[in-house]
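Peer 1: Handing over entry34.json, JSON, C-alpha atoms.
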```json
[["chain", "number", "residue", "atom", "x", "y", "z"],
["C", 114, "MET", "CA", 0.00, 0.00, 0.00],
["C", 115, "ARG", "CA", 1.22, 3.48, -0.83],
["C", 116, "ILE", "CA", 0.99, 5.88, 2.08],
["C", 117, "VAL", "CA", 1.32, 9.62, 2.34],
["C", 118, "CYS", "CA", 1.28, 11.00, 5.87],
["C", 119, "TRP", "CA", 0.35, 14.68, 5.96],
["C", 120, "SER", "CA", 0.92, 16.42, 9.24],
["C", 121, "ILE", "CA", -1.15, 19.57, 9.56],
["C", 122, "LEU", "CA", 0.95, 22.65, 10.27],
["C", 123, "ALA", "CA", 4.41, 21.47, 10.64],
["C", 124, "THR", "CA", 4.73, 18.06, 12.07],
["C", 125, "ILE", "CA", 3.99, 14.39, 11.89],
["C", 126, "ALA", "CA", 2.33, 13.59, 15.22],
["C", 127, "SER", "CA", 4.16, 12.42, 18.32],
["C", 128, "PHE", "CA", 1.83, 10.77, 20.81],
["C", 129, "GLY", "CA", 2.09, 10.86, 24.61],
["C", 130, "LEU", "CA", 2.18, 7.46, 26.24],
["C", 131, "GLY", "CA", 1.56, 7.76, 29.95],
["C", 132, "ALA", "CA", 0.57, 4.10, 30.20],
["C", 133, "ILE", "CA", 3.63, 2.65, 28.42],
["C", 134, "ALA", "CA", 6.52, 1.76, 30.69],
["C", 135, "HIS", "CA", 10.12, 2.63, 30.03],
["C", 136, "ALA", "CA", 12.72, -0.04, 29.55],
["C", 137, "ASN", "CA", 13.11, -2.01, 32.76],
["C", 138, "LYS", "CA", 16.91, -2.20, 32.62],
["C", 139, "GLU", "CA", 19.54, 0.51, 32.90],
["C", 140, "PRO", "CA", 19.81, 2.68, 29.79],
["C", 141, "VAL", "CA", 22.96, 3.04, 27.73],
["C", 142, "SER", "CA", 24.22, 6.50, 28.74],
["C", 143, "LEU", "CA", 26.06, 8.61, 26.16],
["C", 144, "LYS", "CA", 28.16, 11.55, 27.37],
["C", 145, "PRO", "CA", 28.78, 14.59, 25.14],
["C", 146, "SER", "CA", 32.17, 14.82, 23.45],
["C", 147, "SER", "CA", 31.60, 18.15, 21.67],
["C", 148, "PRO", "CA", 29.55, 21.34, 22.11],
["C", 149, "TRP", "CA", 26.48, 22.01, 19.98],
["C", 150, "SER", "CA", 27.31, 23.09, 16.44],
["C", 151, "LEU", "CA", 24.74, 25.30, 14.68],
["C", 152, "ASP", "CA", 24.52, 25.30, 10.88],
["C", 153, "TYR", "CA", 22.66, 28.27, 9.39],
["C", 154, "GLY", "CA", 21.81, 26.69, 6.03],
["C", 155, "GLU", "CA", 19.86, 28.31, 3.21],
["C", 156, "THR", "CA", 16.89, 26.00, 3.69],
["C", 157, "LYS", "CA", 17.20, 24.77, 7.27],
["C", 158, "CYS", "CA", 18.65, 25.34, 10.72],
["C", 159, "ARG", "CA", 20.59, 22.36, 12.09],
["C", 160, "LEU", "CA", 22.07, 21.65, 15.51],
["C", 161, "VAL", "CA", 24.58, 18.80, 15.78],
["C", 162, "ARG", "CA", 26.31, 17.37, 18.83],
["C", 163, "GLY", "CA", 28.70, 14.46, 19.18],
["C", 164, "PHE", "CA", 28.59, 11.89, 21.98],
["C", 165, "GLY", "CA", 31.26, 9.31, 22.75],
["C", 166, "GLU", "CA", 34.57, 8.77, 21.00],
["C", 167, "GLY", "CA", 36.14, 6.60, 18.31],
["C", 168, "ASP", "CA", 34.17, 3.49, 17.39],
["C", 169, "ASP", "CA", 31.56, 4.50, 19.99],
["C", 170, "LYS", "CA", 30.86, 7.92, 18.40],
["C", 171, "HIS", "CA", 27.19, 8.91, 18.22],
["C", 172, "TYR", "CA", 25.40, 11.97, 16.88],
["C", 173, "LEU", "CA", 22.29, 13.87, 17.92],
["C", 174, "ILE", "CA", 20.79, 16.25, 15.34],
["C", 175, "LEU", "CA", 17.87, 18.68, 15.57],
["C", 176, "ASP", "CA", 16.57, 20.17, 12.30],
["C", 177, "GLN", "CA", 14.09, 22.92, 11.54],
["C", 178, "HIS", "CA", 13.11, 23.97, 8.02],
["C", 179, "PHE", "CA", 10.69, 26.57, 9.36],
["C", 180, "PRO", "CA", 9.63, 28.02, 12.74],
["C", 181, "SER", "CA", 7.82, 25.36, 14.75],
["C", 182, "ARG", "CA", 7.11, 24.03, 18.21],
["C", 183, "GLY", "CA", 8.69, 20.80, 17.02],
["C", 184, "ALA", "CA", 11.93, 19.77, 15.35],
["C", 185, "GLY", "CA", 13.15, 16.96, 13.17],
["C", 186, "LEU", "CA", 15.25, 14.50, 15.17],
["C", 187, "THR", "CA", 18.05, 12.27, 13.85],
["C", 188, "VAL", "CA", 20.24, 10.04, 15.99],
["C", 189, "ALA", "CA", 23.02, 7.78, 14.74],
["C", 190, "GLY", "CA", 25.68, 5.45, 16.04],
["C", 191, "PRO", "CA", 26.43, 1.82, 16.91],
["C", 192, "GLU", "CA", 24.04, 1.65, 19.88],
["C", 193, "PHE", "CA", 21.16, 1.94, 17.39],
["C", 194, "ARG", "CA", 22.25, -1.10, 15.42],
["C", 195, "ARG", "CA", 19.44, -3.23, 16.88],
["C", 196, "PHE", "CA", 16.82, -0.50, 16.60],
["C", 197, "ARG", "CA", 14.41, -0.92, 13.73],
["C", 198, "GLY", "CA", 12.77, 1.51, 11.34],
["C", 199, "ARG", "CA", 8.97, 1.89, 11.52],
["C", 200, "GLU", "CA", 9.08, 0.45, 15.02],
["C", 201, "GLU", "CA", 7.34, 2.17, 17.92],
["C", 202, "THR", "CA", 10.02, 4.22, 19.67],
["C", 203, "ILE", "CA", 9.49, 6.06, 22.94],
["C", 204, "ILE", "CA", 11.22, 9.44, 23.12],
["C", 205, "GLY", "CA", 11.81, 11.01, 26.53],
["C", 206, "PHE", "CA", 13.49, 14.30, 27.43],
["C", 207, "SER", "CA", 12.54, 15.07, 31.02],
["C", 208, "ASP", "CA", 11.50, 13.20, 34.15],
["C", 209, "ASN", "CA", 8.64, 15.71, 34.48],
["C", 210, "ALA", "CA", 7.30, 15.48, 30.91],
["C", 211, "GLU", "CA", 5.24, 12.80, 29.24],
["C", 212, "PRO", "CA", 7.25, 10.78, 26.70],
["C", 213, "ARG", "CA", 6.39, 10.61, 23.00],
["C", 214, "SER", "CA", 5.91, 7.58, 20.77],
["C", 215, "ARG", "CA", 7.09, 7.75, 17.16],
["C", 216, "GLU", "CA", 8.02, 5.44, 14.30],
["C", 217, "PRO", "CA", 11.29, 6.47, 12.60],
["C", 218, "LEU", "CA", 12.75, 5.78, 9.20],
["C", 219, "LYS", "CA", 16.13, 4.05, 9.38],
["C", 220, "GLY", "CA", 19.19, 4.68, 7.24],
["C", 221, "ASP", "CA", 22.75, 5.94, 7.40],
["C", 222, "LEU", "CA", 24.09, 9.40, 8.21],
["C", 223, "GLY", "CA", 26.86, 9.77, 5.67],
["C", 224, "ASP", "CA", 29.59, 7.41, 6.84],
["C", 225, "VAL", "CA", 27.89, 6.93, 10.20],
["C", 226, "ARG", "CA", 25.64, 3.89, 10.17],
["C", 227, "HIS", "CA", 22.48, 3.03, 12.08],
["C", 228, "ALA", "CA", 20.61, 6.35, 11.93],
["C", 229, "LEU", "CA", 17.02, 6.81, 13.12],
["C", 230, "ILE", "CA", 15.21, 9.69, 11.42],
["C", 231, "PHE", "CA", 12.08, 11.16, 13.00],
["C", 232, "SER", "CA", 10.12, 13.61, 10.86],
["C", 233, "SER", "CA", 9.24, 15.87, 13.78],
["C", 234, "VAL", "CA", 8.99, 15.65, 17.54],
["C", 235, "TYR", "CA", 6.97, 18.12, 19.57],
["C", 236, "PHE", "CA", 8.56, 19.08, 22.87],
["C", 237, "GLY", "CA", 5.80, 19.40, 25.45],
["C", 238, "MET", "CA", 2.97, 20.00, 22.96],
["C", 239, "LYS", "CA", 0.04, 17.96, 21.73],
["C", 240, "PRO", "CA", 0.51, 16.32, 18.34],
["C", 241, "ALA", "CA", -0.77, 17.65, 15.06],
["C", 242, "ARG", "CA", -3.50, 15.71, 13.25],
["C", 243, "ILE", "CA", -2.38, 13.24, 10.59],
["C", 244, "VAL", "CA", -4.12, 12.65, 7.32],
["C", 245, "VAL", "CA", -3.19, 9.25, 5.93],
["C", 246, "ALA", "CA", -4.28, 8.62, 2.37],
["C", 247, "GLY", "CA", -3.53, 5.38, 0.59],
["C", 248, "GLU", "CA", -5.50, 3.57, -2.08],
["C", 249, "GLY", "CA", -8.74, 5.10, -0.90],
["C", 250, "ALA", "CA", -7.95, 4.77, 2.80],
["C", 251, "PRO", "CA", -10.08, 7.00, 5.05],
["C", 252, "VAL", "CA", -8.80, 10.14, 6.71],
["C", 253, "GLN", "CA", -7.18, 9.39, 10.04],
["C", 254, "GLY", "CA", -6.75, 11.93, 12.77],
["C", 255, "ASP", "CA", -6.66, 12.82, 16.44],
["C", 256, "LYS", "CA", -9.64, 14.78, 17.73],
["C", 257, "ASP", "CA", -7.50, 16.34, 20.46],
["C", 258, "ALA", "CA", -4.68, 17.31, 18.15],
["C", 259, "GLY", "CA", -3.02, 20.67, 18.33],
["C", 260, "GLY", "CA", 0.14, 22.13, 16.95],
["C", 261, "ASP", "CA", 1.52, 25.12, 15.09],
["C", 262, "ASP", "CA", -1.93, 25.81, 13.64],
["C", 263, "PHE", "CA", -2.89, 27.34, 17.00],
["C", 264, "ALA", "CA", 0.40, 29.18, 17.56],
["C", 265, "ALA", "CA", 0.07, 32.96, 17.61],
["C", 266, "GLY", "CA", 2.90, 35.00, 16.20],
["C", 267, "ILE", "CA", 5.86, 32.95, 14.96],
["C", 268, "PRO", "CA", 5.91, 29.40, 16.39],
["C", 269, "GLY", "CA", 8.99, 28.40, 18.36],
["C", 270, "LEU", "CA", 10.46, 25.75, 20.61],
["C", 271, "ASN", "CA", 9.48, 26.01, 24.26],
["C", 272, "THR", "CA", 12.59, 27.30, 26.05],
["C", 273, "ASP", "CA", 10.97, 26.99, 29.50],
["C", 274, "LEU", "CA", 10.50, 23.29, 28.89],
["C", 275, "GLY", "CA", 14.02, 23.17, 27.43],
["C", 276, "SER", "CA", 15.34, 24.39, 30.79],
["C", 277, "ASP", "CA", 13.78, 21.34, 32.46],
["C", 278, "ALA", "CA", 14.83, 18.86, 29.74],
["C", 279, "ASN", "CA", 18.28, 17.54, 30.57],
["C", 280, "TYR", "CA", 18.54, 14.43, 28.39],
["C", 281, "LEU", "CA", 17.03, 12.83, 25.31],
["C", 282, "SER", "CA", 16.32, 9.11, 25.40],
["C", 283, "LEU", "CA", 15.07, 6.62, 22.82],
["C", 284, "THR", "CA", 13.56, 3.28, 23.73],
["C", 285, "GLN", "CA", 12.50, 0.33, 21.60],
["C", 286, "LYS", "CA", 11.11, -2.65, 23.50],
["C", 287, "LYS", "CA", 13.50, -3.02, 26.47],
["C", 288, "ARG", "CA", 16.49, -1.23, 24.94],
["C", 289, "GLU", "CA", 17.06, 2.42, 25.92],
["C", 290, "VAL", "CA", 19.78, 4.79, 24.74],
["C", 291, "ARG", "CA", 20.10, 8.13, 26.55],
["C", 292, "PHE", "CA", 21.94, 11.22, 25.33],
["C", 293, "GLU", "CA", 23.06, 13.20, 28.40],
["C", 294, "THR", "CA", 22.52, 16.63, 26.84],
["C", 295, "GLY", "CA", 22.13, 18.80, 29.90],
["C", 296, "PRO", "CA", 19.47, 21.55, 29.71],
["C", 297, "LEU", "CA", 18.15, 21.98, 26.17],
["C", 298, "ALA", "CA", 17.09, 25.64, 26.54],
["C", 299, "PRO", "CA", 20.26, 27.06, 24.88],
["C", 300, "ALA", "CA", 19.77, 24.71, 21.92],
["C", 301, "PHE", "CA", 16.11, 25.72, 21.61],
["C", 302, "GLU", "CA", 17.00, 29.43, 21.80],
["C", 303, "ALA", "CA", 19.59, 29.02, 19.03],
["C", 304, "LEU", "CA", 17.11, 27.29, 16.74],
["C", 305, "ASN", "CA", 14.40, 29.89, 17.43],
["C", 306, "SER", "CA", 16.81, 32.69, 16.55],
["C", 307, "CYS", "CA", 17.87, 30.90, 13.38],
["C", 308, "THR", "CA", 14.31, 30.27, 12.17],
["C", 309, "ASN", "CA", 13.33, 33.91, 12.86],
["C", 310, "ASP", "CA", 16.21, 34.94, 10.60],
["C", 311, "MET", "CA", 14.85, 32.49, 8.05],
["C", 312, "VAL", "CA", 11.46, 34.26, 8.12],
["C", 313, "THR", "CA", 13.26, 37.50, 7.25],
["C", 314, "ASP", "CA", 15.03, 35.76, 4.37],
["C", 315, "TRP", "CA", 11.62, 34.66, 3.04],
["C", 316, "GLY", "CA", 10.68, 38.33, 2.68],
["C", 317, "PHE", "CA", 8.50, 38.72, 5.77],
["C", 318, "ASP", "CA", 8.71, 41.36, 8.50],
["C", 319, "VAL", "CA", 9.32, 39.42, 11.73],
["C", 320, "GLU", "CA", 7.65, 42.05, 13.93],
["C", 321, "LYS", "CA", 4.57, 42.04, 11.70],
["C", 322, "GLN", "CA", 4.42, 38.24, 11.72],
["C", 323, "MET", "CA", 4.51, 38.37, 15.52],
["C", 324, "THR", "CA", 1.09, 40.06, 15.33],
["C", 325, "VAL", "CA", -0.51, 37.02, 13.68],
["C", 326, "ALA", "CA", -3.33, 35.86, 15.95],
["C", 327, "LYS", "CA", -4.73, 33.15, 13.66],
["C", 328, "ARG", "CA", -2.59, 31.21, 11.21],
["C", 329, "PRO", "CA", -3.72, 30.41, 7.63],
["C", 330, "ALA", "CA", -6.41, 27.70, 7.65],
["C", 331, "PHE", "CA", -6.15, 24.95, 5.02],
["C", 332, "LYS", "CA", -9.80, 24.40, 4.13],
["C", 333, "ASN", "CA", -9.53, 21.36, 1.83],
["C", 334, "VAL", "CA", -6.48, 19.58, 3.23],
["C", 335, "ASP", "CA", -8.04, 16.10, 3.01],
["C", 336, "SER", "CA", -8.77, 16.47, -0.70],
["C", 337, "VAL", "CA", -5.30, 17.83, -1.53],
["C", 338, "ALA", "CA", -3.57, 15.15, 0.60],
["C", 339, "GLY", "CA", -5.43, 12.51, -1.41],
["C", 340, "ARG", "CA", -4.29, 14.05, -4.68],
["C", 341, "ILE", "CA", -0.67, 14.10, -3.48],
["C", 342, "GLN", "CA", -0.94, 10.43, -2.49],
["C", 343, "LYS", "CA", -2.09, 9.53, -6.00],
["C", 344, "GLY", "CA", 0.98, 11.31, -7.35],
["C", 345, "TYR", "CA", 3.42, 9.00, -5.55],
["C", 346, "PRO", "CA", 5.97, 8.34, -8.36],
["C", 347, "ASN", "CA", 5.72, 4.81, -9.73],
["C", 348, "ALA", "CA", 9.51, 4.49, -9.89],
["C", 349, "ALA", "CA", 9.74, 5.29, -6.17],
["C", 350, "VAL", "CA", 7.02, 2.72, -5.41],
["C", 351, "ARG", "CA", 8.87, 0.01, -7.34],
["C", 352, "GLN", "CA", 12.13, 0.77, -5.53],
["C", 353, "GLY", "CA", 10.48, 1.07, -2.10],
["C", 354, "VAL", "CA", 11.71, 4.66, -1.68],
["C", 355, "SER", "CA", 10.52, 6.60, 1.38],
["C", 356, "ALA", "CA", 11.13, 10.28, 1.99],
["C", 357, "ILE", "CA", 10.40, 13.14, 4.38],
["C", 358, "LEU", "CA", 9.70, 16.54, 2.84],
["C", 359, "ARG", "CA", 9.15, 19.99, 4.33],
["C", 360, "MET", "CA", 6.74, 22.32, 2.59],
["C", 361, "ARG", "CA", 6.35, 26.07, 3.00],
["C", 362, "VAL", "CA", 3.52, 27.94, 1.31],
["C", 363, "THR", "CA", 3.08, 31.73, 1.22],
["C", 364, "ILE", "CA", -0.60, 32.70, 1.61],
["C", 365, "ASP", "CA", -1.61, 36.23, 0.64],
["C", 366, "GLU", "CA", -4.23, 38.47, 2.27],
["C", 367, "ASN", "CA", -6.97, 36.92, 0.10],
["C", 368, "GLY", "CA", -6.12, 33.32, 0.98],
["C", 369, "ASN", "CA", -4.41, 32.61, -2.35],
["C", 370, "VAL", "CA", -1.29, 30.46, -2.69],
["C", 371, "GLU", "CA", 1.45, 32.90, -3.67],
["C", 372, "GLU", "CA", 4.53, 30.66, -3.48],
["C", 373, "CYS", "CA", 5.34, 27.05, -2.58],
["C", 374, "PHE", "CA", 8.70, 25.52, -1.66],
["C", 375, "LEU", "CA", 9.73, 21.93, -0.90],
["C", 376, "ASN", "CA", 12.84, 20.87, 0.99],
["C", 377, "GLY", "CA", 13.89, 17.29, 1.67],
["C", 378, "LEU", "CA", 14.91, 16.10, 5.13],
["C", 379, "THR", "CA", 15.91, 12.81, 3.51],
["C", 380, "ASN", "CA", 17.34, 12.08, 0.06],
["C", 381, "THR", "CA", 14.60, 12.71, -2.51],
["C", 382, "ASP", "CA", 16.55, 12.24, -5.77],
["C", 383, "ARG", "CA", 14.32, 9.31, -6.72],
["C", 384, "LEU", "CA", 11.10, 10.81, -5.43],
["C", 385, "LYS", "CA", 9.84, 13.95, -7.13],
["C", 386, "SER", "CA", 6.78, 15.14, -5.22],
["C", 387, "THR", "CA", 3.77, 16.76, -6.88],
["C", 388, "ALA", "CA", 2.85, 18.53, -3.64],
["C", 389, "CYS", "CA", 3.55, 22.11, -4.78],
["C", 390, "SER", "CA", 1.73, 21.74, -8.10],
["C", 391, "GLU", "CA", -1.30, 20.39, -6.22],
["C", 392, "MET", "CA", -1.11, 23.33, -3.83],
["C", 393, "TYR", "CA", -1.02, 25.88, -6.65],
["C", 394, "ASP", "CA", -3.88, 24.21, -8.53],
["C", 395, "HIS", "CA", -6.24, 23.00, -5.80],
["C", 396, "ALA", "CA", -5.46, 24.30, -2.28],
["C", 397, "GLU", "CA", -7.98, 26.59, -0.59],
["C", 398, "PHE", "CA", -7.04, 28.72, 2.42],
["C", 399, "ASP", "CA", -8.52, 31.23, 4.77],
["C", 400, "PRO", "CA", -5.86, 33.93, 5.22],
["C", 401, "ALA", "CA", -4.04, 34.57, 8.47],
["C", 402, "LEU", "CA", -5.50, 37.26, 10.75],
["C", 403, "ASP", "CA", -3.65, 39.77, 12.89],
["C", 404, "ILE", "CA", -4.57, 40.79, 16.45],
["C", 405, "PHE", "CA", -7.15, 43.23, 15.04],
["C", 406, "GLY", "CA", -8.83, 40.56, 12.93],
["C", 407, "ARG", "CA", -7.41, 41.92, 9.65],
["C", 408, "PRO", "CA", -6.15, 39.56, 6.91],
["C", 409, "ILE", "CA", -2.35, 39.45, 6.76],
["C", 410, "ARG", "CA", 0.09, 37.82, 4.33],
["C", 411, "SER", "CA", 1.76, 34.92, 6.12],
["C", 412, "PHE", "CA", 3.00, 31.35, 5.67],
["C", 413, "TYR", "CA", 1.70, 27.81, 6.10],
["C", 414, "THR", "CA", 4.16, 24.99, 6.83],
["C", 415, "THR", "CA", 3.86, 21.24, 6.99],
["C", 416, "SER", "CA", 5.80, 17.98, 6.73],
["C", 417, "ILE", "CA", 4.94, 15.22, 4.29],
["C", 418, "THR", "CA", 6.21, 11.67, 4.73],
["C", 419, "TYR", "CA", 6.11, 9.27, 1.78],
["C", 420, "ARG", "CA", 6.42, 5.63, 2.74],
["C", 421, "ILE", "CA", 5.65, 2.19, 1.37],
["C", 422, "ARG", "CA", 3.68, -0.12, 3.60]]
```
As structure tokens, what does this structure read like?
Peer 2:
Amino acid sequence: MRIVCWSILATIASFGLGAIAHANKEPVSLKPSSPWSLDYGETKCRLVRGFGEGDDKHYLILDQHFPSRGAGLTVAGPEFRRFRGREETIIGFSDNAEPRSREPLKGDLGDVRHALIFSSVYFGMKPARIVVAGEGAPVQGDKDAGGDDFAAGIPGLNTDLGSDANYLSLTQKKREVRFETGPLAPAFEALNSCTNDMVTDWGFDVEKQMTVAKRPAFKNVDSVAGRIQKGYPNAAVRQGVSAILRMRVTIDENGNVEECFLNGLTNTDRLKSTACSEMYDHAEFDPALDIFGRPIRSFYTTSITYRIR
């Protein structure tokens, strides 16, 4: 079955699991061997930190292609050799916060093997609704979902929660690997600053965007998600190619799609998405509103995951 997961307003959902227990044995603890390194790329903001040394070297990466309350998460190294892709993985980052459950893609990170790639993880927020469309499959969602669609101003990572988060752990079945990060607030602040600069590069006034009280509303998302699913390239289906894409759409004061951009979190050379052409031709939006209820030119962002099931 061909599947397209469409996460409304910036993320594929990460679900809280209060009833699921952590691994019942001691976690593998990874100590940092380098400071955070911030890469201000043209299309994304990336934070990278190394843990361990030599043959035991691991990496923790946080990516943002647009301002969001969540971030893409990639981890890599030998301790993830026995972790599986598309396997329920519990992500924890604070003893005081509910963990998240996500299913990663698995691959390699350049020369570093055994990478787990998570489209997006919300830190301390409810998940965004998912639309899953595949061969006529019904729309699937979470009635209690929330996300960047309800974020006033410019969305950002929660630095207060980052002050309380002092590690990042990943658990599959009874195996837990823990990155001993220390407080994550400085990392969150760096990414927020970087993505605000990105908004300026897109041609928006940051102060004006901070006055957005209601973000653009995608009125026919289910229909457009279905059309994108049908456009899954046949060559990618035959080769079993999966991909994670970030999409940014500029919405003018009348709710029209002005511009659309796609960036790949994973390698997309063999998967050319039709998402932007579908947005130009078929998407319908209500425009963003400022604090006075006036329409304002703004942006809509989302992640799209293509996968074969």
Peer 1: Would you list the residues near (15.4, 19.9, 35.6) (no more than 10 Å away, in the coordinates of the file, using only C-alpha atoms) as number ranges by chain?
Peer 2: C: 207-209, 274-280, 295-296
Peer 1: At most 8 Å from (-2.7, 33.3, 11.8), file frame, only C-alpha atoms: which residues, as a list in words?
Peer 2: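 Nearby residues: Asp262, Phe263, Ala264, Ala265, Gly266, Val325, Ala326, Lys327, Arg328, Pro329, Ala330, Pro400, Ala401, Leu402, Asp403, Ile409 and Ser411 of chain C.
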Peer 1: Go ahead and dump the residues you just picked, C-alpha atoms, as a compact mmCIF listing (two decimals), in the frame of the given file.
Peer 2:
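Saved result, again35.txt, follows:
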```
# COMPACT_ATOMS: atom_id res chain seq x y z
CA ASP C 262 -1.93 25.81 13.64
CA PHE C 263 -2.89 27.34 17.00
CA ALA C 264 0.40 29.18 17.56
CA ALA C 265 0.07 32.96 17.61
CA GLY C 266 2.90 35.00 16.20
CA VAL C 325 -0.51 37.02 13.68
CA ALA C 326 -3.33 35.86 15.95
CA LYS C 327 -4.73 33.15 13.66
CA ARG C 328 -2.59 31.21 11.21
CA PRO C 329 -3.72 30.41 7.63
CA ALA C 330 -6.41 27.70 7.65
CA PRO C 400 -5.86 33.93 5.22
CA ALA C 401 -4.04 34.57 8.47
CA LEU C 402 -5.50 37.26 10.75
CA ASP C 403 -3.65 39.77 12.89
CA ILE C 409 -2.35 39.45 6.76
CA SER C 411 1.76 34.92 6.12
```
Peer 1: For C:Tyr413, which of C:Phe292, C:Tyr393, C:Phe179, C:Phe231 is the closest residue, counting all atoms listed in the file?
Peer 2: C:Phe179
Peer 1: Smallest atom-to-atom distance to C:Ile230: which of C:Thr324, C:Thr202, C:Thr187, C:Asn309, using all atoms listed in the file?
Peer 2: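 Counting all atoms listed in the file, the residue closest to C:Ile230 is C:Thr187.
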Peer 1: Closest to C:Ile174 among C:Leu222, C:Glu192, C:Glu155, C:Ala210, using all atoms listed in the file?
Peer 2: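 Nearest candidate to C:Ile174 out of C:Leu222, C:Glu192, C:Glu155, C:Ala210: C:Leu222.
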Peer 1: Could you tell me which of C:Lys219, C:Arg288, C:Met392, C:Phe196 comes closest to C:Glu139 if we count only C-alpha atoms?
Peer 2: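 Nearest to C:Glu139: C:Arg288.
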Peer 1: Just how far from atom CA of C:Asn367 is atom CA of C:Arg407, in Å to one decimal?
Peer 2: 10.8 Å
Peer 1: Find, counting all atoms listed in the file, the residue in C:Ile417, C:Leu375, C:Val319, C:Leu173 that gets nearest to C:Val225.
Peer 2: C:Leu173
Peer 1: Suppose you want the space between atom CA of C:Gly406 and atom CA of C:Trp315; what is it in Å?
Peer 2: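 Value for the atom CA of C:Gly406-atom CA of C:Trp315 distance: 23.5 Å.
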Peer 1: Atom CA of C:Met360 to atom CA of C:Pro212: how many Å, to one decimal?
Peer 2: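 Atom CA of C:Met360 sits 26.7 Å away from atom CA of C:Pro212.
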Peer 1: I need the residue nearest C:Phe331 from this list: C:Arg291, C:His178, C:Arg199, C:His395. Use all atoms listed in the file for the distance.
Peer 2: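 For C:Phe331, the nearest of the candidates is C:His395.
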